[in-house]
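**Student:** Here it is: the structure, laid out below.
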Amino acid sequence: MAVFFSYIAIYFIIFAFGACIGSFLNVCILRLPSDESIIKGASHCMACGEKIKKRDLVPIISWCFLKGKCRNCKADISARYTVIEILNAVLYVVTFAVFGFSQKPFLPAIICLLLSCLIVVFFMDLDTQTINTGILIIIALLGAARYFLVGDLTWQSQIIGALCISIPFLLIVIASKERAMGLGDAILMFSSGLVLGVKSVIIAAFIGLILGSVAGLIQKHRTGSNKFAFGPWLSVGIAISAFFGTQLADLYLKISGLS
């Protein structure tokens, strides 16, 4: 029983930490597209400009306590901020539940940071159809960290993973003059390939392209516009592959008789 409650306490701490990081991700999503500092400058109400008090910055709880409204002007505060905090917190808990704590202690931390970066990519690209270069560099650095701190992927797998999807994507970018796909999508797959390795990044691209194609068709049907962001759906594919990419690749090879 004591062990059970200790696990509950540990996962509660992970959830709370993930929610706090999620709050910071909201700042990144909001400020990075306009090149604002994500360190300096106090958070403020988007309607009245009033500086948000520290007691109203507690992730998840403050939004619920204020019933989704600014304390000063009573304007609605987007529920998306809280959704992102909860999403990041849940993903952190799931990551540690899947990868555990003891065998490779750095791996869940690296995956958590990758997922946080992907959340920023998802919402930022959805809003602005741009992907911040700094976030892509951080993802690439996570690939280096996985090689040196975890060592569960060979450097060959990471390098091939970085190139096998990003190069075809880059050719599509050049051939279509960024109409079919943006340069940020190609760089995203390069950086993610360094983190995931060759098997998982191929699965990530497959899932992302399927989801993106479906989402694009739905958007075209609803709005008639061909303007579309692939980054969010590639991010979903990368996130799924971070957990199950190798297993899905091995399952495909077994079913197809290629293994």
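Just so we're on the same page: first chain in the structure tokens is A, next is B, and so on; residues restart at 1 for each chain, and ligands are numbered from 1 in the order they show up.
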So that I can check the surroundings of Tyr92 of chain A, please list as a list in words every protein, DNA and RNA residue that reaches within 8 Å of it, counting only C-alpha atoms and ignoring chain neighbours fewer than 2 positions away.
**Tutor:**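 The residues satisfying every condition are Ile14, Phe15, Gly18, Asn88, Ala89, Val90, Val94, Thr95, Phe96 and Cys112 of chain A.
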**Student:** Given the selection you just returned, output its residues as a file containing N, CA and C atoms, formatted as a JSON list (two decimals), in the first residue's frame.
**Tutor:**
[["chain", "number", "residue", "atom", "x", "y", "z"],
["A", 14, "ILE", "N", 4.91, 14.67, -11.16],
["A", 14, "ILE", "CA", 5.19, 14.72, -12.60],
["A", 14, "ILE", "C", 4.09, 15.50, -13.32],
["A", 15, "PHE", "N", 2.83, 15.23, -12.95],
["A", 15, "PHE", "CA", 1.70, 15.94, -13.55],
["A", 15, "PHE", "C", 1.79, 17.44, -13.28],
["A", 18, "GLY", "N", 4.59, 18.93, -15.27],
["A", 18, "GLY", "CA", 4.19, 19.01, -16.67],
["A", 18, "GLY", "C", 3.23, 20.15, -16.92],
["A", 88, "ASN", "N", 0.11, 18.68, -21.75],
["A", 88, "ASN", "CA", 1.53, 18.47, -21.46],
["A", 88, "ASN", "C", 1.70, 17.65, -20.19],
["A", 89, "ALA", "N", 0.88, 17.94, -19.18],
["A", 89, "ALA", "CA", 0.96, 17.20, -17.92],
["A", 89, "ALA", "C", 0.63, 15.73, -18.12],
["A", 90, "VAL", "N", -0.42, 15.45, -18.87],
["A", 90, "VAL", "CA", -0.82, 14.05, -19.12],
["A", 90, "VAL", "C", 0.25, 13.32, -19.92],
["A", 94, "VAL", "N", 2.17, 9.90, -18.91],
["A", 94, "VAL", "CA", 2.16, 8.74, -19.81],
["A", 94, "VAL", "C", 3.59, 8.33, -20.18],
["A", 95, "THR", "N", 4.44, 9.31, -20.43],
["A", 95, "THR", "CA", 5.83, 9.02, -20.80],
["A", 95, "THR", "C", 6.54, 8.23, -19.71],
["A", 96, "PHE", "N", 6.41, 8.67, -18.47],
["A", 96, "PHE", "CA", 7.07, 7.96, -17.38],
["A", 96, "PHE", "C", 6.40, 6.62, -17.10],
["A", 112, "CYS", "N", 9.86, 13.56, -22.87],
["A", 112, "CYS", "CA", 9.00, 14.63, -22.35],
["A", 112, "CYS", "C", 9.32, 15.97, -23.01]]
**Student:** Applying 9 Å and only C-alpha atoms, which residues near segment 52-65 of chain A remain after dropping the ones on its own chain fewer than 5 positions away? List them as an NGL selection string.
**Tutor:** :A and (16 or 19-20 or 22-23 or 42-45 or 70-72 or 77 or 79 or 81-83 or 85-86)
**Student:** Excluding segment 101-110 of chain A and residues on its chain fewer than 4 positions from it, collect all residues at most 9 Å away from it, counting only C-alpha atoms, and give them as a VMD selection string.
**Tutor:** chain A and resid 92 95 to 97 114 to 115 142 to 143 145 to 146 149 to 150 152 195
**Student:** Quick one: write out the picked residues with N, CA, C and O atoms as a compact mmCIF listing (two decimals), in the first residue's frame?
**Tutor:**
# COMPACT_ATOMS: atom_id res chain seq x y z
N TYR A 92 3.43 13.89 -19.94
CA TYR A 92 4.56 13.62 -19.05
C TYR A 92 4.28 12.36 -18.22
O TYR A 92 5.15 11.50 -18.06
N THR A 95 4.44 9.31 -20.43
CA THR A 95 5.83 9.02 -20.80
C THR A 95 6.54 8.23 -19.71
O THR A 95 7.19 7.21 -19.99
N PHE A 96 6.41 8.67 -18.47
CA PHE A 96 7.07 7.96 -17.38
C PHE A 96 6.40 6.62 -17.10
O PHE A 96 7.07 5.67 -16.68
N ALA A 97 5.10 6.52 -17.37
CA ALA A 97 4.40 5.24 -17.21
C ALA A 97 4.88 4.23 -18.24
O ALA A 97 5.02 3.04 -17.95
N LEU A 114 10.81 16.41 -25.88
CA LEU A 114 10.41 16.30 -27.29
C LEU A 114 8.92 16.58 -27.45
O LEU A 114 8.51 17.35 -28.32
N LEU A 115 8.09 15.99 -26.59
CA LEU A 115 6.65 16.18 -26.67
C LEU A 115 6.27 17.64 -26.42
O LEU A 115 5.36 18.17 -27.07
N LEU A 142 18.12 17.29 -28.65
CA LEU A 142 17.60 16.14 -27.90
C LEU A 142 18.06 14.83 -28.53
O LEU A 142 18.27 13.84 -27.83
N GLY A 143 18.22 14.85 -29.87
CA GLY A 143 18.77 13.68 -30.54
C GLY A 143 20.19 13.40 -30.10
O GLY A 143 20.56 12.25 -29.83
N ALA A 145 21.46 14.36 -27.25
CA ALA A 145 21.37 13.95 -25.85
C ALA A 145 20.99 12.48 -25.73
O ALA A 145 21.51 11.75 -24.88
N ARG A 146 20.10 12.02 -26.61
CA ARG A 146 19.70 10.61 -26.57
C ARG A 146 20.89 9.70 -26.90
O ARG A 146 21.05 8.65 -26.29
N LEU A 149 23.50 10.23 -23.73
CA LEU A 149 23.02 9.95 -22.38
C LEU A 149 22.25 8.64 -22.27
O LEU A 149 22.20 8.04 -21.19
N VAL A 150 21.63 8.20 -23.37
CA VAL A 150 20.82 6.98 -23.33
C VAL A 150 21.51 5.85 -24.08
O VAL A 150 21.66 4.74 -23.56
N ASP A 152 20.58 4.13 -26.70
CA ASP A 152 19.77 3.00 -27.17
C ASP A 152 19.61 2.99 -28.69
O ASP A 152 19.04 2.05 -29.25
N VAL A 195 16.21 12.15 -33.12
CA VAL A 195 15.71 11.69 -31.83
C VAL A 195 15.15 10.27 -31.92
O VAL A 195 15.38 9.45 -31.04
**Student:** With only C-alpha atoms counted and 10 Å as the cut-off, give the residues of segment 50-146 of chain A in contact with segment 162-184 of chain A, each with its shortest interatomic distance in Å and the pair that gives it, as JSON lines.
**Tutor:**
{"residue": "A:Val121", "atom": "CA", "partner": "A:Gly184", "partner_atom": "CA", "distance": 9.8}
{"residue": "A:Asp125", "atom": "CA", "partner": "A:Gly184", "partner_atom": "CA", "distance": 9.5}
{"residue": "A:Gln129", "atom": "CA", "partner": "A:Gly182", "partner_atom": "CA", "distance": 8.7}
{"residue": "A:Thr130", "atom": "CA", "partner": "A:Gly184", "partner_atom": "CA", "distance": 7.1}
{"residue": "A:Ile131", "atom": "CA", "partner": "A:Gly184", "partner_atom": "CA", "distance": 5.7}
{"residue": "A:Asn132", "atom": "CA", "partner": "A:Gly184", "partner_atom": "CA", "distance": 8.0}
{"residue": "A:Thr133", "atom": "CA", "partner": "A:Gly184", "partner_atom": "CA", "distance": 7.8}
{"residue": "A:Leu136", "atom": "CA", "partner": "A:Gly184", "partner_atom": "CA", "distance": 8.4}
{"residue": "A:Ala140", "atom": "CA", "partner": "A:Ala162", "partner_atom": "CA", "distance": 9.2}
{"residue": "A:Gly143", "atom": "CA", "partner": "A:Ala162", "partner_atom": "CA", "distance": 9.7}
**Student:** For the residues in the current selection, export all heavy atoms as an mmCIF file, in the first residue's frame.
**Tutor:**
data_model
loop_
_atom_site.group_PDB
_atom_site.id
_atom_site.type_symbol
_atom_site.label_atom_id
_atom_site.label_comp_id
_atom_site.auth_asym_id
_atom_site.auth_seq_id
_atom_site.Cartn_x
_atom_site.Cartn_y
_atom_site.Cartn_z
ATOM 1 N N VAL A 121 5.161 23.268 -31.701
ATOM 2 C CA VAL A 121 5.100 23.173 -33.165
ATOM 3 C C VAL A 121 3.657 23.042 -33.621
ATOM 4 O O VAL A 121 3.218 23.724 -34.557
ATOM 5 C CB VAL A 121 5.933 21.975 -33.668
ATOM 6 C CG1 VAL A 121 5.677 21.731 -35.157
ATOM 7 C CG2 VAL A 121 7.415 22.218 -33.440
ATOM 8 N N ASP A 125 2.210 26.263 -35.589
ATOM 9 C CA ASP A 125 2.009 26.062 -37.033
ATOM 10 C C ASP A 125 0.532 26.153 -37.378
ATOM 11 O O ASP A 125 0.158 26.667 -38.443
ATOM 12 C CB ASP A 125 2.572 24.704 -37.443
ATOM 13 C CG ASP A 125 2.817 24.604 -38.948
ATOM 14 O OD1 ASP A 125 2.856 25.661 -39.606
ATOM 15 O OD2 ASP A 125 2.985 23.494 -39.457
ATOM 16 N N GLN A 129 1.142 29.007 -39.468
ATOM 17 C CA GLN A 129 1.764 28.255 -40.564
ATOM 18 C C GLN A 129 3.261 28.522 -40.647
ATOM 19 O O GLN A 129 3.849 28.597 -41.734
ATOM 20 C CB GLN A 129 1.070 28.548 -41.894
ATOM 21 C CG GLN A 129 -0.375 28.048 -41.933
ATOM 22 C CD GLN A 129 -0.972 28.018 -43.315
ATOM 23 O OE1 GLN A 129 -0.529 28.718 -44.216
ATOM 24 N NE2 GLN A 129 -1.991 27.180 -43.494
ATOM 25 N N THR A 130 3.865 28.662 -39.489
ATOM 26 C CA THR A 130 5.322 28.768 -39.384
ATOM 27 C C THR A 130 5.793 27.880 -38.229
ATOM 28 O O THR A 130 5.044 27.632 -37.279
ATOM 29 C CB THR A 130 5.797 30.208 -39.117
ATOM 30 O OG1 THR A 130 5.214 30.683 -37.888
ATOM 31 C CG2 THR A 130 5.413 31.131 -40.248
ATOM 32 N N ILE A 131 7.029 27.413 -38.330
ATOM 33 C CA ILE A 131 7.636 26.613 -37.269
ATOM 34 C C ILE A 131 8.900 27.324 -36.826
ATOM 35 O O ILE A 131 9.765 27.635 -37.641
ATOM 36 C CB ILE A 131 7.966 25.186 -37.762
ATOM 37 C CG1 ILE A 131 6.694 24.476 -38.243
ATOM 38 C CG2 ILE A 131 8.625 24.379 -36.651
ATOM 39 C CD1 ILE A 131 6.943 23.098 -38.838
ATOM 40 N N ASN A 132 9.003 27.583 -35.542
ATOM 41 C CA ASN A 132 10.132 28.328 -35.009
ATOM 42 C C ASN A 132 11.436 27.539 -35.138
ATOM 43 O O ASN A 132 11.507 26.366 -34.746
ATOM 44 C CB ASN A 132 9.877 28.682 -33.546
ATOM 45 C CG ASN A 132 10.990 29.499 -32.937
ATOM 46 O OD1 ASN A 132 11.882 28.959 -32.298
ATOM 47 N ND2 ASN A 132 10.953 30.796 -33.145
ATOM 48 N N THR A 133 12.470 28.160 -35.680
ATOM 49 C CA THR A 133 13.758 27.492 -35.884
ATOM 50 C C THR A 133 14.387 27.062 -34.569
ATOM 51 O O THR A 133 14.992 25.985 -34.473
ATOM 52 C CB THR A 133 14.727 28.421 -36.637
ATOM 53 O OG1 THR A 133 14.130 28.834 -37.867
ATOM 54 C CG2 THR A 133 16.042 27.714 -36.928
ATOM 55 N N LEU A 136 13.167 23.746 -33.437
ATOM 56 C CA LEU A 136 13.738 22.662 -34.241
ATOM 57 C C LEU A 136 15.169 22.355 -33.823
ATOM 58 O O LEU A 136 15.587 21.187 -33.821
ATOM 59 C CB LEU A 136 13.690 23.028 -35.727
ATOM 60 C CG LEU A 136 12.282 23.263 -36.303
ATOM 61 C CD1 LEU A 136 12.368 23.689 -37.768
ATOM 62 C CD2 LEU A 136 11.423 22.020 -36.152
ATOM 63 N N ALA A 140 16.718 18.784 -32.330
ATOM 64 C CA ALA A 140 17.958 18.167 -32.814
ATOM 65 C C ALA A 140 18.930 17.908 -31.656
ATOM 66 O O ALA A 140 19.587 16.853 -31.608
ATOM 67 C CB ALA A 140 18.608 19.060 -33.867
ATOM 68 N N GLY A 143 18.218 14.853 -29.868
ATOM 69 C CA GLY A 143 18.768 13.682 -30.542
ATOM 70 C C GLY A 143 20.185 13.398 -30.097
ATOM 71 O O GLY A 143 20.562 12.251 -29.833
#
**Student:** Can you work out which one of A:Ile218, A:Ile139, A:Ile255, A:Ile207 has the shortest atom-to-atom distance to Gly193 of chain A, counting only C-alpha atoms?
**Tutor:** A:Ile139
**Student:** Based on DSSP run over this structure's backbone, return all residues of segment 55-113 of chain A in helix (DSSP H, G or I), as an MDAnalysis selection string.
**Tutor:** chainID A and resid 55:56 61:65 79:99 106:113
**Student:** Quick one: write out the picked residues with C-alpha atoms as a PDB file, in the first residue's frame?
**Tutor:**
ATOM      1  CA  ARG A  55      -2.061  34.017  -7.740  1.00  0.00           C
ATOM      2  CA  ASP A  56      -3.836  33.819 -11.090  1.00  0.00           C
ATOM      3  CA  ILE A  61      -6.360  25.733 -11.057  1.00  0.00           C
ATOM      4  CA  SER A  62      -6.404  29.507 -11.635  1.00  0.00           C
ATOM      5  CA  TRP A  63      -8.401  29.209 -14.872  1.00  0.00           C
ATOM      6  CA  CYS A  64     -10.959  26.959 -13.160  1.00  0.00           C
ATOM      7  CA  PHE A  65     -11.169  29.209 -10.085  1.00  0.00           C
ATOM      8  CA  ALA A  79      -9.681  27.416 -22.618  1.00  0.00           C
ATOM      9  CA  ARG A  80      -6.840  26.433 -24.948  1.00  0.00           C
ATOM     10  CA  TYR A  81      -4.281  27.659 -22.418  1.00  0.00           C
ATOM     11  CA  THR A  82      -5.583  25.175 -19.856  1.00  0.00           C
ATOM     12  CA  VAL A  83      -5.969  22.412 -22.456  1.00  0.00           C
ATOM     13  CA  ILE A  84      -2.269  22.780 -23.320  1.00  0.00           C
ATOM     14  CA  GLU A  85      -1.293  22.669 -19.641  1.00  0.00           C
ATOM     15  CA  ILE A  86      -3.356  19.505 -19.111  1.00  0.00           C
ATOM     16  CA  LEU A  87      -2.116  17.943 -22.356  1.00  0.00           C
ATOM     17  CA  ASN A  88       1.534  18.471 -21.459  1.00  0.00           C
ATOM     18  CA  ALA A  89       0.962  17.205 -17.917  1.00  0.00           C
ATOM     19  CA  VAL A  90      -0.822  14.053 -19.123  1.00  0.00           C
ATOM     20  CA  LEU A  91       1.861  13.361 -21.730  1.00  0.00           C
ATOM     21  CA  TYR A  92       4.555  13.617 -19.051  1.00  0.00           C
ATOM     22  CA  VAL A  93       2.699  11.104 -16.869  1.00  0.00           C
ATOM     23  CA  VAL A  94       2.158   8.739 -19.813  1.00  0.00           C
ATOM     24  CA  THR A  95       5.828   9.022 -20.800  1.00  0.00           C
ATOM     25  CA  PHE A  96       7.069   7.959 -17.376  1.00  0.00           C
ATOM     26  CA  ALA A  97       4.403   5.245 -17.205  1.00  0.00           C
ATOM     27  CA  VAL A  98       5.566   3.810 -20.555  1.00  0.00           C
ATOM     28  CA  PHE A  99       9.338   4.177 -20.174  1.00  0.00           C
ATOM     29  CA  PHE A 106      17.327  10.001 -19.145  1.00  0.00           C
ATOM     30  CA  LEU A 107      15.043   8.578 -21.855  1.00  0.00           C
ATOM     31  CA  PRO A 108      11.665   9.639 -20.372  1.00  0.00           C
ATOM     32  CA  ALA A 109      13.058  13.125 -19.700  1.00  0.00           C
ATOM     33  CA  ILE A 110      14.202  13.446 -23.329  1.00  0.00           C
ATOM     34  CA  ILE A 111      10.839  12.185 -24.626  1.00  0.00           C
ATOM     35  CA  CYS A 112       9.000  14.625 -22.350  1.00  0.00           C
ATOM     36  CA  LEU A 113      10.997  17.543 -23.744  1.00  0.00           C
TER      37      LEU A 113
END
**Student:** Residues near Val120 of chain A, anyone? I mean within 8 Å using only C-alpha atoms, not counting same-chain ones fewer than 5 positions away, as an MDAnalysis selection string.
**Tutor:** chainID A and resid 25:26 28:29 135
**Student:** Could you give me, as JSON lines, a per-residue list for segment 79-186 of chain A showing, wherever an atom lies at most 6 Å from an atom of segment 229-246 of chain A, the closest pair of atoms and their distance in Å to one decimal, using only C-alpha atoms and sorting by chain then residue number from low to high?
**Tutor:**
{"residue": "A:Leu118", "atom": "CA", "partner": "A:Ser235", "partner_atom": "CA", "distance": 5.5}
{"residue": "A:Phe122", "atom": "CA", "partner": "A:Pro232", "partner_atom": "CA", "distance": 4.0}
{"residue": "A:Gln129", "atom": "CA", "partner": "A:Ala229", "partner_atom": "CA", "distance": 5.6}
{"residue": "A:Asp185", "atom": "CA", "partner": "A:Gly231", "partner_atom": "CA", "distance": 5.8}
**Student:** Please list as a list in words every residue within 9 Å of Asp76 of chain A, counting only C-alpha atoms and excluding residues in the same chain fewer than 4 positions away.
**Tutor:**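 My list of contacting residues is Ala47, Lys67, Gly68, Lys69 and Cys70 of chain A.
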**Student:** At what distance in Å, to one decimal, does atom CA of Leu194 of chain A lie from atom CA of Tyr147 of chain A?
**Tutor:**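 Separating atom CA of Tyr147 of chain A from atom CA of Leu194 of chain A is a distance of 8.9 Å.
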**Student:** Separation of atom CA of Thr154 of chain A and atom CA of Ile119 of chain A, in Å?
**Tutor:**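 Rounded to one decimal, the two atoms are 26.7 Å apart.
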**Student:** One number please: atom CA of Leu30 of chain A to atom CA of Ala144 of chain A, in Å, one decimal.
**Tutor:**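 Interatomic distance, atom CA of Leu30 of chain A to atom CA of Ala144 of chain A: 27.8 Å.
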**Student:** With only C-alpha atoms as the basis for distance, which of A:Ser116, A:Ser225, A:Gln219, A:Gln158 is at the shortest distance from Ile138 of chain A?
**Tutor:**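 Answer, going by the shortest atom-to-atom distance: A:Ser116.
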